[in-house]
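Enquirer: coords03.cif (mmCIF, C-alpha atoms and all ligand atoms) pasted underneath:
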```
data_query
loop_
_atom_site.label_atom_id
_atom_site.label_comp_id
_atom_site.auth_asym_id
_atom_site.auth_seq_id
_atom_site.Cartn_x
_atom_site.Cartn_y
_atom_site.Cartn_z
CA MET A 1 -3.06 22.73 16.34
CA ARG A 2 -4.08 20.95 13.12
CA HIS A 3 -7.57 19.82 14.10
CA ASP A 4 -8.50 20.42 10.47
CA ILE A 5 -11.82 20.23 8.71
CA PRO A 6 -11.04 18.08 5.64
CA PHE A 7 -11.90 19.05 2.09
CA ALA A 8 -14.37 16.84 0.24
CA ALA A 9 -15.66 17.29 -3.31
CA PRO A 10 -19.45 17.39 -3.70
CA GLY A 11 -21.02 13.96 -4.17
CA GLN A 12 -18.10 12.01 -2.75
CA VAL A 13 -18.72 8.90 -0.67
CA ILE A 14 -16.44 8.97 2.34
CA GLY A 15 -15.72 6.20 4.82
CA LEU A 16 -15.22 7.34 8.40
CA LEU A 17 -12.93 5.19 10.54
CA GLY A 18 -13.21 6.43 14.13
CA GLY A 19 -10.65 5.33 16.63
CA SER A 20 -8.38 6.12 19.51
CA PHE A 21 -5.36 5.35 17.28
CA ASP A 22 -3.31 5.03 20.46
CA PRO A 23 -1.18 4.30 18.48
CA ALA A 24 -2.13 3.84 14.82
CA HIS A 25 -0.83 0.57 13.39
CA ALA A 26 -0.66 -1.70 10.35
CA GLY A 27 -4.12 -3.15 11.12
CA HIS A 28 -5.70 0.30 10.66
CA VAL A 29 -3.80 0.76 7.39
CA HIS A 30 -4.86 -2.67 6.19
CA ILE A 31 -8.60 -2.26 6.89
CA THR A 32 -8.55 1.22 5.36
CA ARG A 33 -7.10 -0.09 2.09
CA GLU A 34 -9.60 -2.98 2.13
CA ALA A 35 -12.50 -0.60 2.84
CA LEU A 36 -11.55 1.66 -0.07
CA LYS A 37 -11.58 -1.37 -2.36
CA ARG A 38 -14.41 -3.47 -1.03
CA PHE A 39 -16.88 -0.61 -0.49
CA GLY A 40 -15.71 1.38 -3.53
CA LEU A 41 -15.21 4.52 -1.43
CA ASP A 42 -13.88 7.79 -2.83
CA ALA A 43 -12.00 8.56 0.38
CA VAL A 44 -11.52 7.48 3.98
CA TRP A 45 -11.10 9.83 6.91
CA TRP A 46 -9.55 8.62 10.13
CA LEU A 47 -11.35 10.39 12.96
CA VAL A 48 -8.75 10.46 15.72
CA SER A 49 -10.98 10.50 18.78
CA PRO A 50 -10.55 12.85 21.75
CA GLY A 51 -11.28 9.66 23.77
CA ASN A 52 -13.54 6.62 23.46
CA PRO A 53 -16.51 7.25 25.76
CA LEU A 54 -16.54 3.56 26.79
CA LYS A 55 -12.86 3.37 27.75
CA GLU A 56 -11.80 4.37 31.28
CA ARG A 57 -8.21 5.10 30.43
CA GLY A 58 -7.64 8.31 28.46
CA PRO A 59 -5.47 8.04 25.33
CA ALA A 60 -2.12 9.73 24.64
CA GLN A 61 -2.12 13.39 23.71
CA MET A 62 -4.07 14.20 20.54
CA GLN A 63 -1.23 15.90 18.64
CA ARG A 64 1.02 12.91 19.22
CA ARG A 65 -1.61 10.45 18.00
CA LEU A 66 -2.38 12.59 14.94
CA ALA A 67 1.30 12.94 14.00
CA HIS A 68 1.91 9.22 14.39
CA ALA A 69 -1.23 8.34 12.39
CA ARG A 70 -0.09 10.65 9.57
CA ALA A 71 3.28 8.94 9.50
CA VAL A 72 1.74 5.46 9.43
CA MET A 73 -1.04 6.03 6.88
CA GLN A 74 0.08 7.72 3.71
CA HIS A 75 -2.39 7.37 0.88
CA PRO A 76 -3.75 10.01 -1.51
CA ARG A 77 -7.36 9.16 -0.65
CA VAL A 78 -6.95 8.98 3.13
CA THR A 79 -7.13 11.98 5.47
CA ILE A 80 -6.23 11.92 9.14
CA THR A 81 -8.29 14.41 11.11
CA GLY A 82 -8.98 15.55 14.65
CA ILE A 83 -12.36 16.92 13.56
CA GLU A 84 -14.18 15.53 16.62
CA ALA A 85 -12.07 17.73 18.89
CA ARG A 86 -12.88 20.69 16.69
CA LEU A 87 -16.61 19.91 16.63
CA GLY A 88 -16.66 19.19 20.36
CA THR A 89 -18.24 15.76 19.81
CA ARG A 90 -17.21 12.48 21.38
CA TYR A 91 -20.11 10.17 20.78
CA THR A 92 -20.34 8.85 17.24
CA ALA A 93 -24.04 9.69 16.84
CA GLN A 94 -23.26 13.34 17.64
CA THR A 95 -20.24 13.32 15.34
CA LEU A 96 -22.26 11.95 12.44
CA ARG A 97 -24.98 14.55 12.95
CA ALA A 98 -22.39 17.35 12.95
CA ILE A 99 -20.46 16.01 9.95
CA THR A 100 -23.53 15.45 7.78
CA ALA A 101 -24.65 19.02 8.55
CA LEU A 102 -21.19 20.34 7.55
CA TYR A 103 -21.05 18.26 4.35
CA PRO A 104 -24.62 18.17 3.00
CA THR A 105 -23.71 16.94 -0.51
CA GLN A 106 -21.39 14.11 0.51
CA ARG A 107 -22.37 10.64 1.72
CA PHE A 108 -20.75 8.94 4.69
CA VAL A 109 -20.24 5.29 5.55
CA TRP A 110 -19.25 4.42 9.12
CA LEU A 111 -16.39 1.89 9.19
CA MET A 112 -15.38 -0.35 12.06
CA GLY A 113 -13.67 -3.56 12.97
CA ALA A 114 -15.77 -6.57 13.97
CA ASP A 115 -14.95 -6.03 17.68
CA ASN A 116 -16.91 -2.81 17.60
CA LEU A 117 -19.96 -4.44 16.01
CA ALA A 118 -20.03 -6.88 18.94
CA GLN A 119 -20.35 -3.92 21.34
CA PHE A 120 -22.26 -1.58 19.11
CA HIS A 121 -25.53 -1.84 21.07
CA LEU A 122 -23.75 -0.14 24.01
CA TRP A 123 -23.05 3.02 22.02
CA GLN A 124 -25.09 6.13 22.60
CA ASP A 125 -28.02 6.35 20.13
CA TRP A 126 -26.68 3.36 18.24
CA ARG A 127 -29.99 2.73 16.53
CA ALA A 128 -29.98 6.30 15.22
CA ILE A 129 -26.55 5.60 13.73
CA MET A 130 -27.83 2.44 12.05
CA ASP A 131 -30.98 4.15 10.84
CA THR A 132 -29.14 7.06 9.22
CA THR A 133 -25.69 5.84 8.14
CA PRO A 134 -24.57 2.79 6.15
CA VAL A 135 -22.09 0.76 8.21
CA GLY A 136 -19.15 -1.24 6.83
CA VAL A 137 -17.69 -3.87 9.17
CA LEU A 138 -14.26 -5.42 8.61
CA ALA A 139 -13.25 -8.83 9.96
CA ARG A 140 -10.89 -8.83 12.94
CA PRO A 141 -9.09 -11.83 14.44
CA GLY A 142 -11.15 -13.52 17.14
CA GLU A 143 -14.19 -11.32 16.60
CA ARG A 144 -16.02 -12.74 13.62
CA ILE A 145 -18.37 -14.90 15.66
CA SER A 146 -19.11 -12.38 18.42
CA ALA A 147 -19.84 -9.73 15.77
CA ARG A 148 -22.21 -11.99 13.86
CA MET A 149 -23.98 -13.00 17.09
CA SER A 150 -24.21 -9.44 18.38
CA ARG A 151 -27.39 -7.64 19.31
CA ALA A 152 -26.90 -5.12 16.49
CA ALA A 153 -26.41 -7.89 13.92
CA ALA A 154 -29.54 -9.70 15.11
CA LEU A 155 -31.80 -6.65 15.24
CA TYR A 156 -30.60 -5.37 11.89
CA ALA A 157 -30.39 -8.74 10.12
CA PRO A 158 -32.85 -7.65 7.40
CA ALA A 159 -30.63 -4.64 6.63
CA ARG A 160 -27.54 -6.74 6.02
CA ILE A 161 -25.95 -6.61 2.58
CA PRO A 162 -24.06 -9.81 1.69
CA GLY A 163 -20.29 -9.45 1.51
CA ARG A 164 -20.23 -10.25 -2.21
CA MET A 165 -22.38 -7.14 -2.80
CA SER A 166 -20.22 -4.85 -0.67
CA ARG A 167 -19.88 -2.23 -3.40
CA THR A 168 -23.60 -1.45 -3.14
CA LEU A 169 -23.19 -0.16 0.44
CA ARG A 170 -21.99 3.25 -0.80
CA THR A 171 -25.36 4.07 -2.34
CA ALA A 172 -27.58 2.01 -0.03
CA GLN A 173 -30.36 3.65 1.94
CA ALA A 174 -29.86 3.23 5.71
CA PRO A 175 -30.34 1.04 7.58
CA ALA A 176 -27.76 -0.98 5.67
CA TRP A 177 -24.65 -2.75 6.87
CA CYS A 178 -22.16 -5.12 5.35
CA PHE A 179 -19.60 -7.43 6.94
CA VAL A 180 -16.61 -8.08 4.71
CA ASN A 181 -14.43 -11.07 5.33
CA VAL A 182 -11.12 -9.45 4.45
CA PRO A 183 -7.77 -11.13 5.19
CA MET A 184 -7.09 -10.48 8.86
CA MET A 185 -4.16 -8.85 10.58
CA ASP A 186 -3.57 -9.69 14.22
CA VAL A 187 -2.35 -6.37 15.56
CA SER A 188 -3.82 -3.99 18.12
CA SER A 189 -2.91 -0.75 19.88
CA SER A 190 -3.24 -2.44 23.27
CA ALA A 191 -0.65 -5.09 22.31
CA ILE A 192 1.70 -2.34 21.12
CA ARG A 193 1.22 -0.43 24.39
CA ALA A 194 1.70 -3.61 26.42
CA ALA A 195 4.99 -4.22 24.61
CA GLY A 196 6.09 -0.77 25.78
CA ALA A 197 6.49 0.50 22.24
CA TRP A 198 4.17 3.50 22.80
CA SER A 199 4.41 4.89 26.30
CA ALA A 200 2.09 7.77 27.23
N1 LIG B 1 -6.26 -5.47 13.31
C1 LIG B 1 -7.47 -4.94 13.07
N2 LIG B 1 -8.37 -5.59 12.29
C2 LIG B 1 -9.61 -5.06 12.06
N3 LIG B 1 -10.05 -3.90 12.59
C3 LIG B 1 -9.21 -3.22 13.38
C4 LIG B 1 -7.88 -3.69 13.66
N4 LIG B 1 -7.27 -2.80 14.47
C5 LIG B 1 -8.17 -1.82 14.70
N5 LIG B 1 -9.33 -2.06 14.05
C6 LIG B 1 -10.53 -1.20 14.04
O1 LIG B 1 -10.10 0.14 13.84
C7 LIG B 1 -10.91 1.04 14.59
C8 LIG B 1 -10.04 1.87 15.50
O2 LIG B 1 -9.36 0.99 16.38
P1 LIG B 1 -8.54 1.45 17.66
O3 LIG B 1 -7.91 2.76 17.39
O4 LIG B 1 -9.36 1.28 18.87
O5 LIG B 1 -7.38 0.36 17.66
P2 LIG B 1 -7.33 -0.97 18.51
O6 LIG B 1 -6.14 -1.72 18.02
O7 LIG B 1 -8.65 -1.66 18.48
O8 LIG B 1 -7.06 -0.38 19.96
P3 LIG B 1 -7.11 -1.10 21.39
O9 LIG B 1 -6.29 -2.34 21.30
O10 LIG B 1 -6.51 -0.05 22.30
O11 LIG B 1 -8.57 -1.36 21.67
C9 LIG B 1 -11.91 0.17 15.34
O12 LIG B 1 -13.11 0.13 14.59
C10 LIG B 1 -11.26 -1.21 15.36
O13 LIG B 1 -12.21 -2.25 15.40
O1 LIG B 2 -20.70 6.80 20.55
C1 LIG B 2 -20.41 5.94 21.38
O2 LIG B 2 -21.13 5.67 22.36
C2 LIG B 2 -19.12 5.19 21.20
C3 LIG B 2 -18.71 4.19 22.07
C4 LIG B 2 -17.51 3.53 21.86
C5 LIG B 2 -16.73 3.85 20.77
N1 LIG B 2 -17.17 4.83 19.92
C6 LIG B 2 -16.33 5.21 18.77
O3 LIG B 2 -15.82 4.07 18.14
C7 LIG B 2 -14.59 4.35 17.54
C8 LIG B 2 -13.59 3.29 17.93
O4 LIG B 2 -13.17 3.53 19.25
P1 LIG B 2 -11.86 2.85 19.82
O5 LIG B 2 -11.50 3.56 21.07
O6 LIG B 2 -12.22 1.41 19.97
O7 LIG B 2 -10.82 3.10 18.80
C9 LIG B 2 -14.23 5.79 17.98
O8 LIG B 2 -14.58 6.67 16.94
C10 LIG B 2 -15.12 6.00 19.18
O9 LIG B 2 -15.48 7.35 19.40
C11 LIG B 2 -18.32 5.48 20.12
#
```
Please re-express this file's structure in structure tokens.
Ligand SMILES: Nc1ncnc2c1ncn2[C@@H]1O[C@H](COP(=O)(O)OP(=O)(O)OP(=O)(O)O)[C@@H](O)[C@H]1O
Ligand SMILES: O=C(O)c1ccc[n+]([C@@H]2O[C@H](COP(=O)([O-])O)[C@@H](O)[C@H]2O)c1

Expert:
Amino acid sequence: MRHDIPFAAPGQVIGLLGGSFDPAHAGHVHITREALKRFGLDAVWWLVSPGNPLKERGPAQMQRRLAHARAVMQHPRVTITGIEARLGTRYTAQTLRAITALYPTQRFVWLMGADNLAQFHLWQDWRAIMDTTPVGVLARPGERISARMSRAAALYAPARIPGRMSRTLRTAQAPAWCFVNVPMMDVSSSAIRAAGAWSA
């Protein structure tokens, strides 16, 4: 099993894109490339989740999702990892605590699509995430308004960095978050599953 612990040089700023990746698709690739650029990140790690705690249906087998993600996303600064399975964490707040303890000299930025900002206040210890980790949010079709109107966006309005200053997120002191209005790609894992192109 390759649930590897990725290498990271001291001082690097790494974006973490957590997801079910069931399956990985061109939308994930697109937002990863945009995040590298817009937030000036040194690297992005895809954290292939053992299972989203808010989703009832379990995802496809981990090894299959990892292998597919590695085939879909090939970039010298992107690593696909099953580190959450290795750490035994499922909730993002726990994962971030474990990762920052393992990598004390690196900085981490949590990355997510706008649909996740809309629901962020339902996550375990979400305020602890906001208070400790800069968050980069990428536009997603149909979700820009719900994300901007979300509870997290309202409560953390003073911590918002304007999109035009997105490159300052990497060194910003939390709480800090930034919504970037990147070109959008209308693709989702659920649509791919519904089309029968990824059966469990
Ligand atoms: N097309 C997209 N545009 C912007 N963000 C996206 C897109 N697809 C996925 N994301 C983001 O990538 C992360 C991982 O997504 P995930 O693996 O759940 O894929 P998904 O397509 O959202 O899956 P599902 O349709 O099963 O909910 C999430 O933060 C999600 O918001
Ligand atoms: O920590 C939580 O409570 C929590 C609730 C929902 C989703 N997440 C994380 O959000 C990321 C996106 O999940 P998903 O299933 O939408 O791809 C993934 O890393 C999940 O572990 C985390």

Enquirer: How would you report the residues lying within 6 Å of ligand LIG 1 (chain B), as a list in words, if you count only C-alpha atoms and all ligand atoms?

Expert: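 Checked against 6 Å with only C-alpha atoms and all ligand atoms; the hits are Gly18, Gly19, Ser20, Phe21, Asp22, Gly27, His28, Ile31, Met112, Gly113, Ala114, Asp115, Asn116, Leu138, Ala139, Arg140, Met185, Asp186, Val187, Ser188, Ser189 and Ser190 of chain A.
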
Enquirer: Could you save the residues just selected, with C-alpha atoms, as an mmCIF file, in the coordinates of the input?

Expert:
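Resulting contents of out_0.cif:
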```cif
data_model
loop_
_atom_site.group_PDB
_atom_site.id
_atom_site.type_symbol
_atom_site.label_atom_id
_atom_site.label_comp_id
_atom_site.auth_asym_id
_atom_site.auth_seq_id
_atom_site.Cartn_x
_atom_site.Cartn_y
_atom_site.Cartn_z
ATOM 1 C CA GLY A 18 -13.210 6.430 14.130
ATOM 2 C CA GLY A 19 -10.650 5.330 16.630
ATOM 3 C CA SER A 20 -8.380 6.120 19.510
ATOM 4 C CA PHE A 21 -5.360 5.350 17.280
ATOM 5 C CA ASP A 22 -3.310 5.030 20.460
ATOM 6 C CA GLY A 27 -4.120 -3.150 11.120
ATOM 7 C CA HIS A 28 -5.700 0.300 10.660
ATOM 8 C CA ILE A 31 -8.600 -2.260 6.890
ATOM 9 C CA MET A 112 -15.380 -0.350 12.060
ATOM 10 C CA GLY A 113 -13.670 -3.560 12.970
ATOM 11 C CA ALA A 114 -15.770 -6.570 13.970
ATOM 12 C CA ASP A 115 -14.950 -6.030 17.680
ATOM 13 C CA ASN A 116 -16.910 -2.810 17.600
ATOM 14 C CA LEU A 138 -14.260 -5.420 8.610
ATOM 15 C CA ALA A 139 -13.250 -8.830 9.960
ATOM 16 C CA ARG A 140 -10.890 -8.830 12.940
ATOM 17 C CA MET A 185 -4.160 -8.850 10.580
ATOM 18 C CA ASP A 186 -3.570 -9.690 14.220
ATOM 19 C CA VAL A 187 -2.350 -6.370 15.560
ATOM 20 C CA SER A 188 -3.820 -3.990 18.120
ATOM 21 C CA SER A 189 -2.910 -0.750 19.880
ATOM 22 C CA SER A 190 -3.240 -2.440 23.270
#
```

Enquirer: Counting only C-alpha atoms and all ligand atoms, which residue out of A:Ser146, A:Gln106, A:Ser166, A:Gln94 sits closest to ligand LIG 2 (chain B)?

Expert: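 The shortest atom-to-atom distance to ligand LIG 2 (chain B) comes from A:Gln94.
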
Enquirer: Find, counting all atoms listed in the file, the residue in A:Ala154, A:Val44, A:Ala118, A:Ala101 that gets nearest to A:Gln12.

Expert: A:Val44

Enquirer: Distance limit 7 Å, reference ligand LIG 2 (chain B), atoms considered: all atoms listed in the file. Which residues make the cut? Give them as a ChimeraX atom specification.

Expert: /A:17-21,47,49,51-55,90-93,116,122-124

Enquirer: Calculate how many Å separate atom CA of A:Ala147 from atom CA of A:Leu117, rounding to one decimal.

Expert: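 Here the two named atoms are 5.3 Å from each other.
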
Enquirer: Mind dumping stretch 108-133 of chain A from that block, keeping N, CA and C atoms, as a compact mmCIF listing (two decimals), in the first residue's frame?

Expert:
```txt
# COMPACT_ATOMS: atom_id res chain seq x y z
N PHE A 108 1.09 25.47 5.59
CA PHE A 108 0.03 24.81 4.82
C PHE A 108 -1.14 25.77 4.59
N VAL A 109 -1.68 25.67 3.39
CA VAL A 109 -2.89 26.42 3.02
C VAL A 109 -3.94 25.39 2.67
N TRP A 110 -5.12 25.48 3.27
CA TRP A 110 -6.20 24.55 2.93
C TRP A 110 -6.90 25.06 1.67
N LEU A 111 -7.07 24.18 0.70
CA LEU A 111 -7.71 24.56 -0.57
C LEU A 111 -9.06 23.88 -0.69
N MET A 112 -10.03 24.58 -1.25
CA MET A 112 -11.32 23.92 -1.51
C MET A 112 -12.11 24.68 -2.55
N GLY A 113 -13.03 23.94 -3.17
CA GLY A 113 -13.95 24.56 -4.11
C GLY A 113 -15.03 25.32 -3.33
N ALA A 114 -15.69 26.25 -4.05
CA ALA A 114 -16.67 27.12 -3.40
C ALA A 114 -17.82 26.34 -2.75
N ASP A 115 -18.14 25.15 -3.26
CA ASP A 115 -19.22 24.36 -2.66
C ASP A 115 -18.87 23.98 -1.22
N ASN A 116 -17.62 23.77 -0.95
CA ASN A 116 -17.24 23.41 0.41
C ASN A 116 -17.25 24.61 1.35
N LEU A 117 -17.00 25.81 0.82
CA LEU A 117 -17.10 26.98 1.71
C LEU A 117 -18.56 27.16 2.16
N ALA A 118 -19.49 26.89 1.26
CA ALA A 118 -20.91 27.04 1.59
C ALA A 118 -21.31 26.14 2.76
N GLN A 119 -20.64 25.02 2.90
CA GLN A 119 -20.99 24.04 3.96
C GLN A 119 -19.98 24.01 5.09
N PHE A 120 -19.01 24.88 5.02
CA PHE A 120 -17.85 24.77 5.90
C PHE A 120 -18.24 24.80 7.39
N HIS A 121 -19.29 25.56 7.72
CA HIS A 121 -19.67 25.70 9.13
C HIS A 121 -20.23 24.39 9.71
N LEU A 122 -20.39 23.37 8.85
CA LEU A 122 -20.87 22.07 9.35
C LEU A 122 -19.69 21.14 9.67
N TRP A 123 -18.50 21.55 9.34
CA TRP A 123 -17.33 20.70 9.57
C TRP A 123 -16.94 20.71 11.04
N GLN A 124 -16.37 19.60 11.47
CA GLN A 124 -15.93 19.51 12.85
C GLN A 124 -14.84 20.56 13.11
N ASP A 125 -14.98 21.30 14.20
CA ASP A 125 -13.96 22.29 14.61
C ASP A 125 -13.60 23.27 13.48
N TRP A 126 -14.60 23.66 12.70
CA TRP A 126 -14.28 24.49 11.54
C TRP A 126 -13.64 25.83 11.92
N ARG A 127 -14.02 26.33 13.08
CA ARG A 127 -13.44 27.62 13.47
C ARG A 127 -11.96 27.46 13.83
N ALA A 128 -11.63 26.28 14.37
CA ALA A 128 -10.21 26.02 14.67
C ALA A 128 -9.42 25.96 13.36
N ILE A 129 -10.03 25.40 12.32
CA ILE A 129 -9.35 25.36 11.01
C ILE A 129 -9.09 26.79 10.55
N MET A 130 -10.15 27.60 10.56
CA MET A 130 -10.02 29.00 10.12
C MET A 130 -9.00 29.76 10.95
N ASP A 131 -8.98 29.49 12.25
CA ASP A 131 -8.13 30.27 13.13
C ASP A 131 -6.66 29.86 13.05
N THR A 132 -6.39 28.71 12.42
CA THR A 132 -4.99 28.25 12.40
C THR A 132 -4.41 28.13 10.99
N THR A 133 -5.27 28.04 9.97
CA THR A 133 -4.77 27.70 8.63
C THR A 133 -5.34 28.66 7.59
```
